[in-house]
$ cat input.cif   # mmCIF, C-alpha atoms
data_data
loop_
_atom_site.group_PDB
_atom_site.id
_atom_site.type_symbol
_atom_site.label_atom_id
_atom_site.label_comp_id
_atom_site.auth_asym_id
_atom_site.auth_seq_id
_atom_site.Cartn_x
_atom_site.Cartn_y
_atom_site.Cartn_z
ATOM 1 C CA MET B 1 2.583 -18.103 -101.969
ATOM 2 C CA ARG B 2 -0.122 -18.838 -99.379
ATOM 3 C CA HIS B 3 0.093 -22.575 -100.128
ATOM 4 C CA GLY B 4 3.867 -22.431 -99.629
ATOM 5 C CA VAL B 5 3.447 -20.857 -96.191
ATOM 6 C CA MET B 6 0.799 -23.430 -95.237
ATOM 7 C CA PHE B 7 3.038 -26.260 -96.465
ATOM 8 C CA ALA B 8 5.965 -24.911 -94.441
ATOM 9 C CA ARG B 9 3.811 -24.705 -91.306
ATOM 10 C CA CYS B 10 2.528 -28.224 -91.862
ATOM 11 C CA ALA B 11 6.048 -29.503 -92.387
ATOM 12 C CA ALA B 12 7.094 -27.808 -89.141
ATOM 13 C CA LEU B 13 4.279 -29.517 -87.225
ATOM 14 C CA VAL B 14 5.178 -32.870 -88.731
ATOM 15 C CA ALA B 15 8.820 -32.317 -87.800
ATOM 16 C CA LEU B 16 7.785 -31.567 -84.216
ATOM 17 C CA LEU B 17 5.626 -34.649 -84.077
ATOM 18 C CA VAL B 18 8.047 -37.163 -85.579
ATOM 19 C CA GLY B 19 9.380 -39.406 -82.890
ATOM 20 C CA SER B 20 6.828 -38.235 -80.355
ATOM 21 C CA VAL B 21 4.508 -41.194 -80.683
ATOM 22 C CA ALA B 22 4.427 -43.755 -77.936
ATOM 23 C CA CYS B 23 2.773 -47.000 -78.887
ATOM 24 C CA SER B 24 -0.599 -47.461 -77.250
ATOM 25 C CA PRO B 25 -1.412 -50.447 -75.079
ATOM 26 C CA ALA B 26 -3.823 -53.010 -76.451
ATOM 27 C CA ALA B 27 -7.482 -52.588 -75.628
ATOM 28 C CA ASP B 28 -8.751 -54.442 -72.602
ATOM 29 C CA PRO B 29 -12.341 -55.494 -73.330
ATOM 30 C CA ALA B 30 -13.010 -55.840 -69.582
ATOM 31 C CA SER B 31 -12.021 -52.222 -68.952
ATOM 32 C CA PRO B 32 -14.764 -49.640 -68.390
ATOM 33 C CA LEU B 33 -12.954 -47.509 -70.986
ATOM 34 C CA GLY B 34 -13.497 -50.177 -73.669
ATOM 35 C CA ALA B 35 -11.808 -49.443 -76.991
ATOM 36 C CA GLY B 36 -10.394 -46.193 -75.657
ATOM 37 C CA ASN B 37 -7.519 -47.946 -73.889
ATOM 38 C CA ALA B 38 -5.928 -48.746 -77.238
ATOM 39 C CA LEU B 39 -6.078 -45.051 -78.143
ATOM 40 C CA GLY B 40 -3.604 -43.874 -75.515
ATOM 41 C CA PRO B 41 -4.002 -42.054 -72.232
ATOM 42 C CA PRO B 42 -7.541 -41.180 -71.120
ATOM 43 C CA LEU B 43 -7.843 -37.396 -71.156
ATOM 44 C CA ALA B 44 -10.916 -35.867 -69.497
ATOM 45 C CA THR B 45 -10.448 -32.091 -69.799
ATOM 46 C CA PRO B 46 -9.308 -29.714 -72.525
ATOM 47 C CA GLU B 47 -6.463 -28.671 -70.215
ATOM 48 C CA GLN B 48 -5.240 -32.282 -70.066
ATOM 49 C CA VAL B 49 -5.479 -32.528 -73.854
ATOM 50 C CA ALA B 50 -3.513 -29.272 -74.228
ATOM 51 C CA GLU B 51 -0.815 -30.539 -71.836
ATOM 52 C CA TRP B 52 -0.582 -33.782 -73.810
ATOM 53 C CA VAL B 53 -0.283 -31.917 -77.133
ATOM 54 C CA GLU B 54 2.328 -29.595 -75.612
ATOM 55 C CA GLU B 55 4.354 -32.575 -74.321
ATOM 56 C CA LYS B 56 4.350 -34.061 -77.823
ATOM 57 C CA THR B 57 4.894 -30.903 -79.883
ATOM 58 C CA GLY B 58 6.095 -28.086 -77.613
ATOM 59 C CA GLN B 59 2.991 -26.125 -78.647
ATOM 60 C CA CYS B 60 -0.577 -25.624 -77.331
ATOM 61 C CA GLY B 61 0.520 -24.246 -73.955
ATOM 62 C CA GLU B 62 -2.366 -21.905 -73.242
ATOM 63 C CA PRO B 63 -5.763 -23.412 -74.091
ATOM 64 C CA VAL B 64 -8.687 -21.006 -74.279
ATOM 65 C CA PRO B 65 -11.967 -22.443 -72.912
ATOM 66 C CA ARG B 66 -14.812 -22.066 -75.425
ATOM 67 C CA SER B 67 -18.612 -22.139 -75.247
ATOM 68 C CA MET B 68 -20.890 -24.488 -77.144
ATOM 69 C CA GLU B 69 -22.111 -21.496 -79.168
ATOM 70 C CA GLU B 70 -18.509 -20.966 -80.280
ATOM 71 C CA PHE B 71 -18.297 -24.688 -81.052
ATOM 72 C CA ALA B 72 -21.182 -24.361 -83.500
ATOM 73 C CA GLU B 73 -19.422 -21.454 -85.200
ATOM 74 C CA PHE B 74 -16.137 -23.390 -85.236
ATOM 75 C CA VAL B 75 -17.397 -26.619 -86.857
ATOM 76 C CA GLY B 76 -20.452 -25.279 -88.697
ATOM 77 C CA PRO B 77 -24.141 -25.942 -88.062
ATOM 78 C CA LEU B 78 -24.375 -29.477 -89.498
ATOM 79 C CA ARG B 79 -21.269 -30.784 -87.723
ATOM 80 C CA ALA B 80 -22.327 -29.024 -84.511
ATOM 81 C CA GLU B 81 -25.667 -30.806 -84.634
ATOM 82 C CA LEU B 82 -23.856 -34.150 -84.867
ATOM 83 C CA TYR B 83 -21.000 -33.495 -82.411
ATOM 84 C CA ALA B 84 -22.361 -31.091 -79.773
ATOM 85 C CA PRO B 85 -24.811 -33.393 -77.924
ATOM 86 C CA TYR B 86 -21.866 -35.641 -77.061
ATOM 87 C CA VAL B 87 -19.239 -33.010 -76.202
ATOM 88 C CA ALA B 88 -18.516 -32.446 -72.504
ATOM 89 C CA GLU B 89 -16.322 -29.362 -73.050
ATOM 90 C CA TRP B 90 -13.852 -27.900 -75.467
ATOM 91 C CA ALA B 91 -11.122 -25.299 -75.864
ATOM 92 C CA THR B 92 -8.700 -24.119 -78.529
ATOM 93 C CA CYS B 93 -4.974 -23.514 -78.672
ATOM 94 C CA SER B 94 -2.382 -22.683 -81.295
ATOM 95 C CA ALA B 95 -0.258 -25.579 -82.569
ATOM 96 C CA GLY B 96 1.610 -26.064 -85.828
ATOM 97 C CA PRO B 97 -0.406 -24.892 -88.816
ATOM 98 C CA TYR B 98 -3.518 -24.423 -86.666
ATOM 99 C CA GLU B 99 -4.181 -20.978 -85.242
ATOM 100 C CA ARG B 100 -7.172 -22.480 -83.418
ATOM 101 C CA LEU B 101 -6.789 -26.218 -82.882
ATOM 102 C CA GLY B 102 -9.967 -27.583 -81.282
ATOM 103 C CA LEU B 103 -9.438 -29.671 -78.132
ATOM 104 C CA VAL B 104 -12.710 -31.575 -77.788
ATOM 105 C CA VAL B 105 -13.547 -33.787 -74.798
ATOM 106 C CA PHE B 106 -16.453 -36.154 -75.285
ATOM 107 C CA GLN B 107 -18.916 -37.452 -72.716
ATOM 108 C CA ARG B 108 -17.213 -40.823 -72.423
ATOM 109 C CA GLU B 109 -20.424 -42.688 -71.587
ATOM 110 C CA ARG B 110 -22.029 -41.346 -74.793
ATOM 111 C CA LEU B 111 -19.317 -42.226 -77.326
ATOM 112 C CA ALA B 112 -21.301 -45.186 -78.700
ATOM 113 C CA ASP B 113 -24.368 -42.911 -79.037
ATOM 114 C CA PHE B 114 -22.257 -40.368 -80.947
ATOM 115 C CA GLN B 115 -20.991 -43.075 -83.298
ATOM 116 C CA ARG B 116 -24.485 -44.490 -83.886
ATOM 117 C CA ALA B 117 -25.809 -40.968 -84.573
ATOM 118 C CA TRP B 118 -23.065 -40.484 -87.139
ATOM 119 C CA GLN B 119 -23.935 -43.851 -88.742
ATOM 120 C CA GLY B 120 -27.555 -42.720 -88.977
ATOM 121 C CA ALA B 121 -26.571 -39.391 -90.531
ATOM 122 C CA ARG B 122 -24.498 -41.265 -93.124
ATOM 123 C CA SER B 123 -27.315 -43.696 -93.887
ATOM 124 C CA SER B 124 -29.846 -40.895 -94.334
ATOM 125 C CA GLY B 125 -27.493 -38.864 -96.550
ATOM 126 C CA GLU B 126 -27.294 -36.013 -94.023
ATOM 127 C CA VAL B 127 -23.485 -36.319 -94.189
ATOM 128 C CA SER B 128 -21.375 -37.967 -96.845
ATOM 129 C CA ASP B 129 -18.242 -38.774 -94.869
ATOM 130 C CA ASP B 130 -16.969 -39.937 -91.504
ATOM 131 C CA PRO B 131 -16.094 -37.489 -88.678
ATOM 132 C CA ASP B 132 -13.186 -35.224 -89.560
ATOM 133 C CA PHE B 133 -11.422 -35.101 -86.181
ATOM 134 C CA GLY B 134 -8.327 -36.951 -84.965
ATOM 135 C CA PHE B 135 -9.507 -39.171 -82.074
ATOM 136 C CA GLY B 136 -7.767 -40.220 -78.880
ATOM 137 C CA ASN B 137 -9.028 -41.814 -75.677
ATOM 138 C CA GLY B 138 -12.202 -39.818 -74.902
ATOM 139 C CA PHE B 139 -11.087 -36.727 -76.804
ATOM 140 C CA ALA B 140 -10.477 -35.427 -80.301
ATOM 141 C CA LEU B 141 -8.496 -32.714 -82.033
ATOM 142 C CA SER B 142 -10.169 -30.717 -84.792
ATOM 143 C CA GLY B 143 -7.245 -30.875 -87.170
ATOM 144 C CA THR B 144 -6.157 -33.955 -89.047
ATOM 145 C CA LEU B 145 -2.962 -32.918 -90.835
ATOM 146 C CA GLY B 146 -0.023 -34.536 -89.040
ATOM 147 C CA LEU B 147 -2.148 -35.680 -86.110
ATOM 148 C CA GLU B 148 -1.743 -39.376 -86.906
ATOM 149 C CA LEU B 149 1.855 -38.872 -85.808
ATOM 150 C CA LEU B 150 0.481 -38.197 -82.328
ATOM 151 C CA GLY B 151 -1.093 -41.637 -82.413
ATOM 152 C CA LEU B 152 -4.564 -40.238 -83.084
ATOM 153 C CA HIS B 153 -7.046 -42.125 -85.223
ATOM 154 C CA THR B 154 -9.852 -41.284 -87.592
ATOM 155 C CA LEU B 155 -13.288 -42.647 -86.787
ATOM 156 C CA ARG B 156 -14.831 -44.761 -89.542
ATOM 157 C CA CYS B 157 -18.481 -45.680 -89.236
ATOM 158 C CA THR B 158 -18.776 -46.895 -92.806
ATOM 159 C CA PRO B 159 -18.059 -50.363 -94.123
ATOM 160 C CA VAL B 160 -14.452 -50.912 -95.124
ATOM 161 C CA GLY B 161 -14.200 -52.067 -98.726
ATOM 162 C CA PRO B 162 -11.546 -54.417 -100.095
ATOM 163 C CA ASP B 163 -9.718 -51.525 -101.802
ATOM 164 C CA ASP B 164 -9.773 -49.250 -98.734
ATOM 165 C CA GLU B 165 -6.413 -48.722 -97.076
ATOM 166 C CA VAL B 166 -7.282 -48.150 -93.431
ATOM 167 C CA GLY B 167 -4.064 -49.357 -91.789
ATOM 168 C CA HIS B 168 -4.180 -50.140 -88.080
ATOM 169 C CA THR B 169 -7.708 -50.354 -86.669
ATOM 170 C CA VAL B 170 -9.208 -50.595 -83.194
ATOM 171 C CA PRO B 171 -12.887 -51.429 -82.661
ATOM 172 C CA ALA B 172 -14.871 -48.355 -81.636
ATOM 173 C CA GLU B 173 -17.617 -48.310 -79.019
ATOM 174 C CA ALA B 174 -20.487 -48.749 -81.529
ATOM 175 C CA GLU B 175 -20.805 -51.854 -83.652
ATOM 176 C CA GLY B 176 -19.775 -51.125 -87.238
ATOM 177 C CA CYS B 177 -17.362 -48.319 -86.287
ATOM 178 C CA VAL B 178 -13.574 -48.509 -85.998
ATOM 179 C CA TYR B 179 -10.768 -46.139 -85.091
ATOM 180 C CA ALA B 180 -8.221 -46.265 -87.930
ATOM 181 C CA GLN B 181 -4.725 -44.998 -88.602
ATOM 182 C CA PRO B 182 -3.420 -44.663 -92.144
ATOM 183 C CA PRO B 183 -1.006 -47.425 -93.216
ATOM 184 C CA GLY B 184 2.540 -46.887 -91.998
ATOM 185 C CA HIS B 185 1.665 -44.692 -88.996
ATOM 186 C CA HIS B 186 1.338 -47.310 -86.266
ATOM 187 C CA HIS B 187 4.218 -48.970 -84.428
#

$ encode --input "input.cif" --output "structure tokens"
Amino acid sequence: MRHGVMFARCAALVALLVGSVACSPAADPASPLGAGNALGPPLATPEQVAEWVEEKTGQCGEPVPRSMEEFAEFVGPLRAELYAPYVAEWATCSAGPYERLGLVVFQRERLADFQRAWQGARSSGEVSDDPDFGFGNGFALSGTLGLELLGLHTLRCTPVGPDDEVGHTVPAEAEGCVYAQPPGHHH
């Protein structure tokens, strides 16, 4: 029964998101925003991220500012150690199947450092996977289900093998990392 309710909520979010994606402009290597330009509009505050999500889905209208202590509780101690040094601020809102969707704004000038730190954590075995957020231009959302329909990308800091289906990719700020969308989700 619980899975049925979750599936229905997820389907509702996907239905809200379908058709809401605007294609992102190509990255301009000369831009100070670097790869971010190809990820959509640059959003610098959780309030801007919430407005953007609300424009796309009709949800997330009242973001609640959160502390970094709450961030550690939200993502867990290991993920907090990897994300928190690079987070400028964050908030949560309710959208689709997420009672508390995390709206995370990164310190834009430290994105490459964040990506290199994640690469190091992968290499050392501290983590076994890539970051689990949906990434936009300078921000991320904590959920991943249905978020590719918003034009968000996953961050891959692991080599892409010949059998990996990564779909559309955009170079990330750190060498060896890419922003990827699953096949079939990019226009």

$ closest_residue --input "input.cif" --among "B:Cys60, B:Val53, B:Ala38, B:Cys177" --to "Asp113 of chain B" --atoms "all atoms listed in the file"
B:Cys177

$ atom_distance --input "input.cif" --atom1 "atom CA of Ala95 of chain B" --atom2 "atom CA of Glu69 of chain B"
22.5 Å

$ atom_distance --input "input.cif" --atom1 "atom CA of Gly146 of chain B" --atom2 "atom CA of Glu81 of chain B"
26.3 Å

$ atom_distance --input "input.cif" --atom1 "atom CA of Val105 of chain B" --atom2 "atom CA of Ala140 of chain B"
6.5 Å

$ closest_residue --input "input.cif" --among "B:Leu39, B:Val127, B:Leu141, B:Ala84" --to "Tyr179 of chain B" --atoms "only C-alpha atoms"
B:Leu39

$ resolve_selection --input "input.cif" --expression "the PyMOL selection byres ((chain B and resi 133) around 7)" --output "number ranges by chain"
B: 131-132, 134-135, 140-144, 154

$ resolve_selection --input "input.cif" --expression "the PyMOL selection byres ((chain B and resi 87-91) around 8)" --output "list of chain:residue names"
B:Thr45, B:Pro46, B:Pro63, B:Val64, B:Pro65, B:Arg66, B:Ser67, B:Met68, B:Phe71, B:Tyr83, B:Ala84, B:Pro85, B:Tyr86, B:Thr92, B:Cys93, B:Gly102, B:Leu103, B:Val104, B:Val105, B:Phe106, B:Gln107

$ closest_residue --input "input.cif" --among "B:His168, B:Arg100, B:Arg108, B:Arg79" --to "Asp130 of chain B" --atoms "all atoms listed in the file"
B:Arg79

$ build_atoms --input "input.cif" --residues "segment 128-145 of chain B" --atoms "N, CA and C atoms" --output "PDB file, keeping the file's coordinate frame"
ATOM      1  N   SER B 128     -21.894 -37.043 -95.836  1.00  0.00           N
ATOM      2  CA  SER B 128     -21.375 -37.967 -96.845  1.00  0.00           C
ATOM      3  C   SER B 128     -20.031 -38.580 -96.459  1.00  0.00           C
ATOM      4  N   ASP B 129     -19.543 -38.269 -95.267  1.00  0.00           N
ATOM      5  CA  ASP B 129     -18.242 -38.774 -94.869  1.00  0.00           C
ATOM      6  C   ASP B 129     -18.233 -39.060 -93.373  1.00  0.00           C
ATOM      7  N   ASP B 130     -17.135 -39.656 -92.922  1.00  0.00           N
ATOM      8  CA  ASP B 130     -16.969 -39.937 -91.504  1.00  0.00           C
ATOM      9  C   ASP B 130     -16.520 -38.665 -90.781  1.00  0.00           C
ATOM     10  N   PRO B 131     -16.535 -38.675 -89.433  1.00  0.00           N
ATOM     11  CA  PRO B 131     -16.094 -37.489 -88.678  1.00  0.00           C
ATOM     12  C   PRO B 131     -14.687 -37.058 -89.087  1.00  0.00           C
ATOM     13  N   ASP B 132     -14.449 -35.762 -89.056  1.00  0.00           N
ATOM     14  CA  ASP B 132     -13.186 -35.224 -89.560  1.00  0.00           C
ATOM     15  C   ASP B 132     -12.246 -34.766 -88.453  1.00  0.00           C
ATOM     16  N   PHE B 133     -12.323 -35.391 -87.289  1.00  0.00           N
ATOM     17  CA  PHE B 133     -11.422 -35.101 -86.181  1.00  0.00           C
ATOM     18  C   PHE B 133     -10.388 -36.211 -86.061  1.00  0.00           C
ATOM     19  N   GLY B 134      -9.303 -35.937 -85.348  1.00  0.00           N
ATOM     20  CA  GLY B 134      -8.327 -36.951 -84.965  1.00  0.00           C
ATOM     21  C   GLY B 134      -8.682 -37.388 -83.550  1.00  0.00           C
ATOM     22  N   PHE B 135      -8.980 -38.676 -83.346  1.00  0.00           N
ATOM     23  CA  PHE B 135      -9.507 -39.171 -82.074  1.00  0.00           C
ATOM     24  C   PHE B 135      -8.449 -39.839 -81.213  1.00  0.00           C
ATOM     25  N   GLY B 136      -8.547 -39.555 -79.904  1.00  0.00           N
ATOM     26  CA  GLY B 136      -7.767 -40.220 -78.880  1.00  0.00           C
ATOM     27  C   GLY B 136      -8.722 -40.864 -77.894  1.00  0.00           C
ATOM     28  N   ASN B 137      -8.256 -41.122 -76.699  1.00  0.00           N
ATOM     29  CA  ASN B 137      -9.028 -41.814 -75.677  1.00  0.00           C
ATOM     30  C   ASN B 137      -9.974 -40.837 -74.957  1.00  0.00           C
ATOM     31  N   GLY B 138     -11.192 -40.692 -75.498  1.00  0.00           N
ATOM     32  CA  GLY B 138     -12.202 -39.818 -74.902  1.00  0.00           C
ATOM     33  C   GLY B 138     -12.142 -38.383 -75.388  1.00  0.00           C
ATOM     34  N   PHE B 139     -11.243 -38.094 -76.312  1.00  0.00           N
ATOM     35  CA  PHE B 139     -11.087 -36.727 -76.804  1.00  0.00           C
ATOM     36  C   PHE B 139     -10.797 -36.753 -78.297  1.00  0.00           C
ATOM     37  N   ALA B 140     -10.821 -35.568 -78.884  1.00  0.00           N
ATOM     38  CA  ALA B 140     -10.477 -35.427 -80.301  1.00  0.00           C
ATOM     39  C   ALA B 140      -9.849 -34.066 -80.525  1.00  0.00           C
ATOM     40  N   LEU B 141      -9.056 -33.988 -81.577  1.00  0.00           N
ATOM     41  CA  LEU B 141      -8.496 -32.714 -82.033  1.00  0.00           C
ATOM     42  C   LEU B 141      -9.134 -32.389 -83.369  1.00  0.00           C
ATOM     43  N   SER B 142      -9.430 -31.111 -83.594  1.00  0.00           N
ATOM     44  CA  SER B 142     -10.169 -30.717 -84.792  1.00  0.00           C
ATOM     45  C   SER B 142      -9.358 -30.842 -86.063  1.00  0.00           C
ATOM     46  N   GLY B 143      -8.060 -30.756 -85.976  1.00  0.00           N
ATOM     47  CA  GLY B 143      -7.245 -30.875 -87.170  1.00  0.00           C
ATOM     48  C   GLY B 143      -6.956 -32.321 -87.477  1.00  0.00           C
ATOM     49  N   THR B 144      -6.540 -32.588 -88.704  1.00  0.00           N
ATOM     50  CA  THR B 144      -6.157 -33.955 -89.047  1.00  0.00           C
ATOM     51  C   THR B 144      -4.758 -34.016 -89.640  1.00  0.00           C
ATOM     52  N   LEU B 145      -4.260 -32.918 -90.179  1.00  0.00           N
ATOM     53  CA  LEU B 145      -2.962 -32.918 -90.835  1.00  0.00           C
ATOM     54  C   LEU B 145      -1.846 -33.132 -89.822  1.00  0.00           C
TER      55      LEU B 145
END
